[in-house]
Amino acid sequence: MRNLAPDRSRPAQTRSHLVRCQQGPNLPLPWLNLTACLYNVFEPMPREATVKLRIVAFLGMLIGGGVAGLVPVTLRAAEPAGRPKPEISEEARAVLQRMGDSLRMQQFAFQAQTIRLYAGPKGEPLHIFHTLDVTVHRPNRLLVIRNGDDGPGKLVYDGRTLVIYMTDGNKFASIPVPDNIEGMMKEAMGRLGIDFPLADFLTDEPSKSFLSGVTAGEVVSTMTIDGVACLHMFFSQPPGIELELWVEKNDQSLPRRLIVTYRSLPGEPSFVATMSKWDFSVHPSDADFAFQPPPGAVQVPLKPPASPTPAGKPKAPGVAK
């Protein structure tokens, strides 16, 4: 998966999302107190990781600003020499290409339900659930309405401004961004040190973005999800990230389920997302992507992320775009 963040001065990012939750100095909103562990669209990743981020979560929601105490990653040993070089099967590539072609449509909507594991105050493994209603209008409109264990909220992008709103507390924050979805994601990650975990599905080339960094993958079997035949695929992204992706067994190959497992992290945590209610007949208007602050809503500033790794301290290697 592709790291969209353009700023290489920051530590490399990863799909890992097992973080210890605490309130940081850069969290101006009450709903940011649990930082990244609660939000799936924008999330900081572990600093020690050497892998780039990826898709975990299908657009979960809201910003996780600040820097949390992070769980270090213990990487696996290199594979013994002499083993056949892993590869991505042509069948898997073809399936992802069909998926990418479908997701490049100008406008569509879907619903995602996500389950994320995070570490509590005592390090105990806890789970948080979200339901996300997502509307996309390429090239420069995005709306995510979120409900979950930590309360409702929304993300609104109108081609000029990105707004994050949380119903609890009636507060919102906004930043100016470029006039295309991929550029908006790069700006948000570069300026705020945050990430869209499932950004690959919304880039200009979803299949290419999904496979960036992946070294092996194949179609495992055919399964049934909610009465729909689906191809079950398995992918590996070194070091220690495993992806299972289920897509419909038809010409559209729409994603229906994603599981990300972090073999390099203690406890091997995972992230689960199920996707449904795909609708390519929607015709959202510009007004649907215009944020109107509710009565009494308070705008708060978003502070930049913590400074980069101090000089002399080794940095994780960069990741390919």
# chains A, B, ... in the order shown; residues from 1 in each chain; ligands from 1
$ closest_atom_pairs --of "segment 112-188 of chain A" --to "segment 275-280 of chain A" --cutoff "9 Å" --atoms "only C-alpha atoms" --output "CSV"
residue,atom,partner,partner_atom,distance
A:Ala112,CA,A:Met275,CA,4.4
A:Gln113,CA,A:Met275,CA,6.6
A:Thr114,CA,A:Met275,CA,8.8
$ residues_around --residues "Ile241 of chain A" --least-positions-apart "2" --cutoff "7 Å" --atoms "only C-alpha atoms" --output "ChimeraX atom specification"
/A:236-239,243,261-263
$ write_last_selection --atoms "C-alpha atoms" --output "compact mmCIF listing (two decimals), in the first residue's frame"
# COMPACT_ATOMS: atom_id res chain seq x y z
CA SER A 236 1.89 -10.27 2.36
CA GLN A 237 3.65 -6.97 2.93
CA PRO A 238 7.04 -7.16 4.68
CA PRO A 239 7.80 -6.94 7.43
CA LEU A 243 -3.88 -8.77 4.34
CA THR A 261 -3.07 -8.86 10.79
CA TYR A 262 0.13 -7.47 12.28
CA ARG A 263 2.42 -10.44 12.83
$ closest_residue --among "A:Gly267, A:Val220, A:Glu90, A:Arg146" --to "Glu124 of chain A" --atoms "only C-alpha atoms"
A:Gly267
$ select_by_dssp --residues "segment 89-238 of chain A" --states "alpha helix (DSSP H)" --output "PyMOL selection string"
chain A and resi 90-103+181-192+206-211
$ select_by_dssp --residues "segment 105-187 of chain A" --states "strand (DSSP E or B)" --output "PyMOL selection string"
chain A and resi 107-119+125-137+141-148+153-157+161-166+171-176
